[in-house]
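Just structure_9.cif here, mmCIF, C-alpha atoms:
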data_work
loop_
_atom_site.label_atom_id
_atom_site.label_comp_id
_atom_site.auth_asym_id
_atom_site.auth_seq_id
_atom_site.Cartn_x
_atom_site.Cartn_y
_atom_site.Cartn_z
CA ASN A 1 140.45 125.42 134.96
CA ALA A 2 143.66 124.49 136.80
CA GLY A 3 144.54 121.37 134.77
CA VAL A 4 146.69 119.12 136.96
CA THR A 5 147.64 120.19 140.47
CA GLN A 6 150.05 118.55 142.91
CA THR A 7 150.86 118.95 146.58
CA PRO A 8 153.26 119.47 148.17
CA LYS A 9 155.75 121.31 145.95
CA PHE A 10 158.76 120.36 148.07
CA GLN A 11 159.36 117.73 150.75
CA VAL A 12 162.35 116.49 152.72
CA LEU A 13 162.11 113.10 154.42
CA LYS A 14 164.41 110.97 156.50
CA THR A 15 165.06 107.39 155.45
CA GLY A 16 162.20 105.18 156.62
CA GLN A 17 159.59 107.93 156.87
CA SER A 18 156.37 107.73 154.91
CA MET A 19 154.44 110.31 152.94
CA THR A 20 151.69 110.70 150.37
CA LEU A 21 151.88 112.87 147.28
CA GLN A 22 148.55 114.24 146.12
CA CYS A 23 147.36 114.89 142.58
CA ALA A 24 144.10 116.26 141.25
CA GLN A 25 142.88 116.95 137.72
CA ASP A 26 139.91 118.87 136.43
CA MET A 27 140.08 117.72 132.80
CA ASN A 28 137.42 115.11 133.42
CA HIS A 29 139.56 112.33 131.96
CA ASN A 30 139.42 108.75 133.18
CA SER A 31 143.17 108.08 133.28
CA MET A 32 145.91 109.49 135.52
CA TYR A 33 149.65 108.79 135.80
CA TRP A 34 152.59 109.17 138.15
CA TYR A 35 156.10 109.67 136.78
CA ARG A 36 159.46 110.30 138.37
CA GLN A 37 162.34 112.30 136.91
CA ASP A 38 165.90 111.73 138.08
CA PRO A 39 168.66 114.27 137.36
CA GLY A 40 169.65 114.42 133.70
CA MET A 41 166.98 111.97 132.61
CA GLY A 42 163.57 111.84 131.07
CA LEU A 43 160.47 110.87 133.02
CA ARG A 44 159.69 107.25 133.88
CA LEU A 45 156.24 105.87 134.63
CA ILE A 46 155.70 104.61 138.18
CA TYR A 47 151.98 103.74 138.25
CA TYR A 48 148.89 104.64 136.30
CA SER A 49 145.15 104.41 136.64
CA ALA A 50 143.13 103.85 133.49
CA SER A 51 139.86 104.57 135.29
CA GLU A 52 138.41 105.07 138.75
CA GLY A 53 138.95 101.92 140.80
CA THR A 54 141.81 100.52 138.69
CA THR A 55 145.58 100.89 139.04
CA ASP A 56 148.51 99.25 137.24
CA LYS A 57 152.28 99.20 137.51
CA GLY A 58 154.49 101.15 135.17
CA GLU A 59 158.25 100.87 134.58
CA VAL A 60 159.48 101.61 138.13
CA PRO A 61 156.77 100.68 140.70
CA ASN A 62 158.94 99.23 143.48
CA GLY A 63 158.67 101.10 146.77
CA TYR A 64 155.42 102.88 145.87
CA ASN A 65 151.70 102.40 146.31
CA VAL A 66 148.86 104.35 144.72
CA SER A 67 145.23 105.06 145.37
CA ARG A 68 142.68 106.30 142.88
CA LEU A 69 140.42 108.08 145.30
CA ASN A 70 137.84 109.22 142.74
CA LYS A 71 137.84 110.41 139.15
CA ARG A 72 139.71 113.62 140.05
CA GLU A 73 142.31 112.41 142.54
CA PHE A 74 145.24 110.00 142.35
CA SER A 75 147.72 109.73 145.22
CA LEU A 76 151.20 108.20 145.42
CA ARG A 77 152.46 106.81 148.72
CA LEU A 78 155.98 106.04 149.87
CA GLU A 79 155.64 103.68 152.83
CA SER A 80 159.31 103.66 153.83
CA ALA A 81 161.29 106.27 151.95
CA ALA A 82 164.79 105.46 150.69
CA PRO A 83 167.51 107.81 149.35
CA SER A 84 167.03 106.20 145.91
CA GLN A 85 163.56 107.76 145.85
CA THR A 86 165.01 111.26 145.83
CA SER A 87 163.52 112.62 142.63
CA VAL A 88 160.99 114.98 141.12
CA TYR A 89 157.53 113.45 140.87
CA PHE A 90 155.06 114.47 138.19
CA CYS A 91 151.40 113.62 137.92
CA ALA A 92 149.72 113.65 134.51
CA SER A 93 146.35 113.30 132.86
CA PRO A 94 145.32 113.52 129.20
CA ARG A 95 143.15 116.10 127.56
CA TYR A 96 142.00 114.93 124.16
CA ASN A 97 145.07 113.02 122.90
CA GLU A 98 147.79 114.91 124.79
CA GLN A 99 149.29 114.24 128.17
CA PHE A 100 149.42 117.25 130.48
CA PHE A 101 151.64 117.37 133.52
CA GLY A 102 151.35 118.95 136.94
CA PRO A 103 154.05 121.25 138.31
CA GLY A 104 155.90 118.46 140.13
CA THR A 105 156.92 117.60 143.69
CA ARG A 106 160.61 117.79 144.51
CA LEU A 107 161.34 115.09 147.10
CA THR A 108 164.62 114.64 148.95
CA VAL A 109 165.22 111.60 151.14
CA LEU A 110 168.14 111.95 153.54
CA GLY B 1 160.62 97.84 124.95
CA ILE B 2 160.58 100.84 122.69
CA GLN B 3 163.72 102.99 122.65
CA VAL B 4 163.66 106.77 122.27
CA GLU B 5 166.89 108.53 121.39
CA GLN B 6 167.35 112.27 121.20
CA SER B 7 170.19 114.22 119.67
CA PRO B 8 172.18 116.23 120.30
CA PRO B 9 172.31 115.79 124.09
CA ASP B 10 173.54 119.36 124.56
CA LEU B 11 173.34 122.44 122.39
CA ILE B 12 174.59 125.99 122.85
CA LEU B 13 173.28 128.71 120.57
CA GLN B 14 173.76 132.40 120.16
CA GLU B 15 170.50 134.34 120.35
CA GLY B 16 168.95 134.57 116.90
CA ALA B 17 170.36 131.26 115.61
CA ASN B 18 168.28 128.37 114.31
CA SER B 19 168.48 124.75 115.42
CA THR B 20 167.09 121.29 114.74
CA LEU B 21 166.55 118.68 117.44
CA ARG B 22 166.01 115.06 116.51
CA CYS B 23 164.07 112.19 118.09
CA ASN B 24 164.42 108.60 116.85
CA PHE B 25 162.17 105.81 118.07
CA SER B 26 162.50 102.07 117.60
CA ASP B 27 158.90 100.95 117.00
CA SER B 28 155.57 102.15 115.65
CA VAL B 29 153.89 104.70 117.91
CA ASN B 30 150.39 105.93 118.59
CA ASN B 31 151.39 109.32 119.85
CA LEU B 32 154.43 111.58 119.89
CA GLN B 33 154.73 114.72 121.92
CA TRP B 34 157.43 117.37 122.30
CA PHE B 35 157.84 119.12 125.65
CA HIS B 36 159.95 122.00 126.89
CA GLN B 37 161.10 121.78 130.49
CA ASN B 38 161.91 125.28 131.62
CA PRO B 39 164.60 126.13 134.20
CA TRP B 40 161.95 125.96 136.95
CA GLY B 41 161.19 122.35 136.06
CA GLN B 42 157.78 122.91 134.52
CA LEU B 43 156.87 120.70 131.54
CA ILE B 44 155.27 122.70 128.77
CA ASN B 45 153.46 120.99 125.91
CA LEU B 46 154.85 122.08 122.57
CA PHE B 47 153.40 119.68 120.03
CA TYR B 48 151.23 116.62 119.77
CA ILE B 49 152.48 115.23 116.46
CA PRO B 50 152.16 111.49 115.71
CA SER B 51 152.67 112.32 112.02
CA GLY B 52 152.95 115.29 109.68
CA THR B 53 154.08 118.85 110.29
CA LYS B 54 152.88 121.54 112.67
CA GLN B 55 154.00 125.08 113.35
CA ASN B 56 153.52 127.34 116.33
CA GLY B 57 155.26 130.68 116.04
CA ARG B 58 159.03 130.19 115.89
CA LEU B 59 158.71 126.48 116.57
CA SER B 60 157.75 123.76 114.16
CA ALA B 61 157.84 119.98 114.24
CA THR B 62 157.78 117.18 111.70
CA THR B 63 157.21 113.50 112.36
CA VAL B 64 157.88 110.87 109.70
CA ALA B 65 156.19 107.88 111.32
CA THR B 66 157.19 105.40 108.60
CA GLU B 67 160.87 106.21 109.20
CA ARG B 68 160.46 106.51 112.98
CA TYR B 69 161.80 109.95 113.64
CA SER B 70 160.64 113.42 114.56
CA LEU B 71 162.35 116.80 114.25
CA LEU B 72 161.80 119.97 116.26
CA TYR B 73 162.89 123.23 114.63
CA ILE B 74 163.61 126.35 116.61
CA SER B 75 164.08 129.50 114.56
CA SER B 76 165.45 132.84 115.73
CA SER B 77 166.20 131.42 119.16
CA GLN B 78 165.70 133.52 122.28
CA THR B 79 167.17 133.20 125.75
CA THR B 80 163.74 132.10 126.99
CA ASP B 81 164.06 129.01 124.76
CA SER B 82 166.72 127.66 127.13
CA GLY B 83 165.88 124.49 129.00
CA VAL B 84 165.50 120.82 128.16
CA TYR B 85 163.47 119.56 125.22
CA PHE B 86 161.93 116.11 125.55
CA CYS B 87 160.41 113.85 123.00
CA ALA B 88 157.95 111.25 124.33
CA VAL B 89 156.15 108.46 122.53
CA GLU B 90 153.25 106.16 123.25
CA ARG B 91 153.36 102.60 121.95
CA MET B 92 150.60 101.38 119.65
CA ASP B 93 149.32 98.97 122.33
CA SER B 94 149.51 101.47 125.16
CA SER B 95 147.09 103.96 126.66
CA TYR B 96 148.65 107.40 127.02
CA LYS B 97 151.66 105.78 128.74
CA LEU B 98 154.55 107.89 127.50
CA ILE B 99 158.16 106.77 127.10
CA PHE B 100 160.57 109.67 127.25
CA GLY B 101 163.90 110.27 125.61
CA SER B 102 166.70 111.65 127.76
CA GLY B 103 166.29 115.14 126.30
CA THR B 104 168.30 117.84 124.57
CA ARG B 105 169.63 120.50 126.91
CA LEU B 106 169.58 123.87 125.13
CA LEU B 107 171.33 127.02 126.28
CA VAL B 108 170.71 130.21 124.31
CA ARG B 109 173.25 132.94 125.04
CA PRO B 110 172.39 136.65 124.67
#
Translate the structure described by the file into C-alpha coordinates.
Amino acid sequence: NAGVTQTPKFQVLKTGQSMTLQCAQDMNHNSMYWYRQDPGMGLRLIYYSASEGTTDKGEVPNGYNVSRLNKREFSLRLESAAPSQTSVYFCASPRYNEQFFGPGTRLTVL
Amino acid sequence: GIQVEQSPPDLILQEGANSTLRCNFSDSVNNLQWFHQNPWGQLINLFYIPSGTKQNGRLSATTVATERYSLLYISSSQTTDSGVYFCAVERMDSSYKLIFGSGTRLLVRP
(Lines of atoms letter the chains of each structure in order from A and count residues from 1; the text may use other names and numbers.)
(Lines give C-alpha, C1' and ligand atoms only; values in the text may rest on other atoms or scores of the structure.)
Protein backbone atom coordinates (compact mmCIF):
# COMPACT_ATOMS: atom_id res chain seq x y z
CA ASN A 1 0.00 0.00 0.00
CA ALA A 2 2.11 2.90 -1.31
CA GLY A 3 -0.49 5.66 -0.89
CA VAL A 4 0.35 8.43 -3.37
CA THR A 5 3.40 8.14 -5.62
CA GLN A 6 4.92 10.74 -7.93
CA THR A 7 7.53 10.71 -10.67
CA PRO A 8 10.01 12.15 -11.24
CA LYS A 9 11.44 13.35 -7.91
CA PHE A 10 13.57 16.06 -9.51
CA GLN A 11 13.58 17.75 -12.92
CA VAL A 12 15.43 20.63 -14.52
CA LEU A 13 13.96 22.20 -17.66
CA LYS A 14 14.91 25.03 -19.95
CA THR A 15 12.39 27.76 -20.65
CA GLY A 16 9.97 26.60 -23.34
CA GLN A 17 10.46 22.87 -22.79
CA SER A 18 7.54 20.63 -21.94
CA MET A 19 7.15 17.83 -19.45
CA THR A 20 4.55 15.71 -17.69
CA LEU A 21 4.48 14.97 -13.98
CA GLN A 22 2.93 11.64 -13.07
CA CYS A 23 0.87 10.74 -10.02
CA ALA A 24 -0.73 7.48 -8.96
CA GLN A 25 -2.78 6.54 -5.90
CA ASP A 26 -3.82 3.19 -4.54
CA MET A 27 -6.36 4.44 -1.98
CA ASN A 28 -9.22 3.74 -4.36
CA HIS A 29 -10.61 7.25 -4.00
CA ASN A 30 -12.39 9.07 -6.80
CA SER A 31 -10.71 12.46 -6.37
CA MET A 32 -7.12 13.57 -6.98
CA TYR A 33 -5.37 16.96 -6.74
CA TRP A 34 -2.28 18.81 -7.89
CA TYR A 35 -0.74 21.52 -5.71
CA ARG A 36 2.35 23.66 -6.01
CA GLN A 37 4.50 24.99 -3.18
CA ASP A 38 6.69 28.04 -3.65
CA PRO A 39 9.50 28.88 -1.20
CA GLY A 40 8.25 30.04 2.18
CA MET A 41 4.61 29.45 1.33
CA GLY A 42 1.85 26.97 1.82
CA LEU A 43 0.51 24.80 -0.99
CA ARG A 44 -1.84 26.17 -3.64
CA LEU A 45 -4.26 24.11 -5.70
CA ILE A 46 -3.53 23.96 -9.44
CA TYR A 47 -6.12 21.47 -10.74
CA TYR A 48 -8.24 18.70 -9.34
CA SER A 49 -10.28 15.77 -10.56
CA ALA A 50 -13.39 14.86 -8.61
CA SER A 51 -13.79 11.59 -10.51
CA GLU A 52 -12.47 9.71 -13.51
CA GLY A 53 -13.17 11.73 -16.65
CA THR A 54 -13.60 15.11 -14.92
CA THR A 55 -11.10 17.88 -14.20
CA ASP A 56 -11.49 21.41 -12.83
CA LYS A 57 -9.31 24.44 -12.25
CA GLY A 58 -8.02 25.37 -8.83
CA GLU A 59 -6.44 28.63 -7.64
CA VAL A 60 -3.44 28.76 -10.01
CA PRO A 61 -4.21 26.80 -13.24
CA ASN A 62 -2.52 29.05 -15.82
CA GLY A 63 0.26 27.34 -17.76
CA TYR A 64 -0.83 23.80 -16.85
CA ASN A 65 -2.98 21.04 -18.27
CA VAL A 66 -4.09 17.81 -16.61
CA SER A 67 -5.29 14.39 -17.62
CA ARG A 68 -7.18 11.93 -15.47
CA LEU A 69 -6.00 8.78 -17.16
CA ASN A 70 -8.00 6.36 -15.01
CA LYS A 71 -9.08 6.11 -11.39
CA ARG A 72 -5.49 5.63 -10.19
CA GLU A 73 -3.56 8.13 -12.31
CA PHE A 74 -3.62 11.91 -12.67
CA SER A 75 -0.94 13.71 -14.68
CA LEU A 76 0.08 17.37 -14.82
CA ARG A 77 1.57 18.79 -18.01
CA LEU A 78 3.61 21.93 -18.58
CA GLU A 79 3.41 22.66 -22.31
CA SER A 80 5.94 25.50 -22.35
CA ALA A 81 7.76 25.81 -19.06
CA ALA A 82 8.52 29.25 -17.61
CA PRO A 83 10.85 30.23 -14.74
CA SER A 84 7.76 31.21 -12.71
CA GLN A 85 6.83 27.51 -12.67
CA THR A 86 9.91 26.65 -10.64
CA SER A 87 8.32 25.05 -7.60
CA VAL A 88 7.69 21.83 -5.74
CA TYR A 89 4.65 19.97 -7.03
CA PHE A 90 2.56 17.72 -4.82
CA CYS A 91 -0.15 15.30 -5.80
CA ALA A 92 -2.82 14.35 -3.27
CA SER A 93 -5.76 12.04 -2.79
CA PRO A 94 -8.08 11.53 0.18
CA ARG A 95 -8.44 8.49 2.35
CA TYR A 96 -11.60 8.67 4.40
CA ASN A 97 -11.81 12.40 5.23
CA GLU A 98 -8.09 13.26 5.14
CA GLN A 99 -5.96 14.44 2.28
CA PHE A 100 -2.72 12.51 1.82
CA PHE A 101 0.16 13.86 -0.21
CA GLY A 102 2.80 12.28 -2.40
CA PRO A 103 6.51 12.95 -1.86
CA GLY A 104 6.64 15.83 -4.33
CA THR A 105 8.49 16.72 -7.54
CA ARG A 106 11.07 19.48 -7.33
CA LEU A 107 11.05 21.32 -10.68
CA THR A 108 13.52 23.99 -11.73
CA VAL A 109 12.99 25.97 -14.93
CA LEU A 110 16.07 27.82 -16.14
CA GLY B 1 -12.10 33.48 -0.43
CA ILE B 2 -11.34 31.98 2.92
CA GLN B 3 -8.22 33.26 4.69
CA VAL B 4 -5.98 31.06 6.84
CA GLU B 5 -3.50 32.75 9.14
CA GLN B 6 -0.90 30.97 11.22
CA SER B 7 1.15 32.31 14.08
CA PRO B 8 3.89 32.67 14.97
CA PRO B 9 5.64 32.56 11.58
CA ASP B 10 8.89 31.42 13.17
CA LEU B 11 9.67 29.73 16.46
CA ILE B 12 12.92 28.62 18.06
CA LEU B 13 12.80 26.26 21.03
CA GLN B 14 15.27 24.55 23.26
CA GLU B 15 14.83 20.79 23.32
CA GLY B 16 12.34 19.83 26.01
CA ALA B 17 10.29 23.04 25.81
CA ASN B 18 6.57 23.20 25.06
CA SER B 19 4.90 25.33 22.40
CA THR B 20 1.52 26.31 21.00
CA LEU B 21 0.90 27.06 17.33
CA ARG B 22 -2.24 28.85 16.24
CA CYS B 23 -4.37 28.76 13.08
CA ASN B 24 -7.17 31.28 12.48
CA PHE B 25 -9.60 30.94 9.59
CA SER B 26 -12.11 33.44 8.26
CA ASP B 27 -15.14 31.27 7.42
CA SER B 28 -16.89 28.05 8.41
CA VAL B 29 -14.98 24.94 7.37
CA ASN B 30 -15.74 21.33 6.62
CA ASN B 31 -12.33 20.01 7.41
CA LEU B 32 -9.15 21.14 9.14
CA GLN B 33 -5.88 19.31 9.01
CA TRP B 34 -2.46 19.89 10.56
CA PHE B 35 0.64 18.79 8.66
CA HIS B 36 4.33 18.66 9.48
CA GLN B 37 6.68 19.27 6.57
CA ASN B 38 10.01 17.75 7.50
CA PRO B 39 13.39 19.11 6.32
CA TRP B 40 13.23 16.74 3.32
CA GLY B 41 9.99 18.33 2.16
CA GLN B 42 7.68 15.45 2.99
CA LEU B 43 4.19 16.37 4.23
CA ILE B 44 3.18 14.26 7.19
CA ASN B 45 -0.41 14.15 8.39
CA LEU B 46 -0.67 15.05 12.05
CA PHE B 47 -4.35 15.58 12.72
CA TYR B 48 -7.68 15.65 10.97
CA ILE B 49 -9.61 17.87 13.39
CA PRO B 50 -12.62 19.87 12.13
CA SER B 51 -13.71 20.25 15.77
CA GLY B 52 -12.83 19.04 19.25
CA THR B 53 -9.56 17.81 20.71
CA LYS B 54 -7.23 14.98 19.73
CA GLN B 55 -3.95 13.75 21.12
CA ASN B 56 -1.19 11.68 19.58
CA GLY B 57 1.81 11.18 21.84
CA ARG B 58 3.48 14.51 22.56
CA LEU B 59 1.23 16.33 20.11
CA SER B 60 -2.32 17.43 20.62
CA ALA B 61 -4.70 19.69 18.74
CA THR B 62 -7.88 21.58 19.53
CA THR B 63 -10.26 23.18 17.06
CA VAL B 64 -12.99 25.58 18.19
CA ALA B 65 -15.04 25.75 15.00
CA THR B 66 -17.52 28.33 16.31
CA GLU B 67 -14.65 30.74 17.01
CA ARG B 68 -12.72 29.78 13.86
CA TYR B 69 -9.39 28.78 15.27
CA SER B 70 -7.28 25.72 15.92
CA LEU B 71 -4.29 25.17 18.19
CA LEU B 72 -1.48 22.64 17.90
CA TYR B 73 0.40 21.82 21.10
CA ILE B 74 3.87 20.34 21.10
CA SER B 75 5.13 19.14 24.46
CA SER B 76 8.67 18.15 25.40
CA SER B 77 9.94 19.17 21.97
CA GLN B 78 12.65 17.16 20.23
CA THR B 79 15.05 18.11 17.46
CA THR B 80 13.08 15.83 15.12
CA ASP B 81 10.08 18.15 15.59
CA SER B 82 11.90 20.79 13.51
CA GLY B 83 10.32 21.73 10.21
CA VAL B 84 7.28 23.66 9.05
CA TYR B 85 3.81 23.12 10.49
CA PHE B 86 0.88 23.84 8.19
CA CYS B 87 -2.76 24.24 8.93
CA ALA B 88 -5.12 23.61 6.00
CA VAL B 89 -8.88 24.01 5.77
CA GLU B 90 -11.60 22.92 3.41
CA ARG B 91 -14.55 25.25 2.81
CA MET B 92 -18.06 24.00 3.56
CA ASP B 93 -18.96 24.05 -0.16
CA SER B 94 -15.75 22.40 -1.30
CA SER B 95 -14.68 18.82 -1.90
CA TYR B 96 -11.38 18.04 -0.19
CA LYS B 97 -9.89 21.19 -1.77
CA LEU B 98 -7.55 22.44 0.93
CA ILE B 99 -6.51 26.05 1.53
CA PHE B 100 -3.20 26.29 3.34
CA GLY B 101 -1.82 28.82 5.75
CA SER B 102 1.73 30.00 5.22
CA GLY B 103 3.04 27.83 8.05
CA THR B 104 5.02 28.08 11.27
CA ARG B 105 8.70 27.33 10.87
CA LEU B 106 9.96 25.54 14.00
CA LEU B 107 13.58 24.98 14.94
CA VAL B 108 14.30 22.87 18.01
CA ARG B 109 17.86 23.23 19.28
CA PRO B 110 19.63 20.43 21.20
Any chance you could resolve the PyMOL selection byres ((chain A) within 8 of (chain B)) against this file and give the residues as a list in words?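 Output of the PyMOL selection byres ((chain A) within 8 of (chain B)): Tyr33, Gly40, Met41, Gly42, Leu43, Arg44, Leu45, Ala50, Pro94, Asn97, Glu98, Gln99, Phe100, Phe101, Gly102, Pro103 and Gly104 of chain A.
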Excluding A:Leu110 and any residue of its chain fewer than 5 positions from it, enumerate the residues within 9 Å of it, using all atoms listed in the file, and give them as a PyMOL selection string. chain A and resi 12-15+82-83+86
Box in all listed atoms of stretch 79-86 of chain A, axis-aligned, with 6 Å more on each side; write out centre and edge lengths in Å to one decimal as AutoDock Vina command-line options.
--center_x 161.6 --center_y 107.5 --center_z 149.8 --size_x 23.9 --size_y 19.6 --size_z 20.0
Hey, what comes out of the PyMOL selection byres ((chain B and resi 68) around 9) on this file? Could you write it as a PyMOL selection string? chain B and resi 23-29+63-67+69-70
Under the PyMOL selection byres ((chain A and resi 89) around 12), which residues of this model are included? Write them out as a PyMOL selection string. (chain A and resi 5-11+20-23+33-39+42-47+64+75-78+85-88+90-92+101-108) or (chain B and resi 41-43)
Taking all atoms listed in the file into account, which of B:Lys54, B:Arg22, B:Arg91, B:Arg109 comes nearest B:Ser7?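 Among B:Lys54, B:Arg22, B:Arg91, B:Arg109, it is B:Arg22 that comes nearest to B:Ser7.
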Atomic distance atom CA of A:Gly58 - atom CA of B:Ser94, expressed in Å with one decimal: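 Answer for the atom CA of A:Gly58 to atom CA of B:Ser94 separation: 11.2 Å.
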Nearest to A:Ser93 by atom-to-atom distance, counting only C-alpha atoms, from A:Thr54, A:Asn30, A:Asn70, A:Asn65: A:Asn30
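With only C-alpha atoms as the atoms that count, the minimum distance from B:Val108 to the choices B:Met92, B:Ala61, B:Ile74, B:Ile2 is reached by B:Ile74.
In this structure, atom CA of B:Asn18 sits 7.5 Å away from atom CA of B:Tyr73.
Taking atom CA of B:Pro8 and atom CA of B:Ser76 as the two end points, the separation is 18.5 Å.
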From (167.1, 131.1, 126.0), in the file's coordinates, out to 12 Å: which residues are reached, counting all atoms listed in the file? Answer as a list in words. Leu11, Ile12, Leu13, Gln14, Glu15, Gly16, Ala17, His36, Gln37, Asn38, Pro39, Ile74, Ser75, Ser76, Ser77, Gln78, Thr79, Thr80, Asp81, Ser82, Gly83, Val84, Arg105, Leu106, Leu107, Val108, Arg109 and Pro110 of chain B
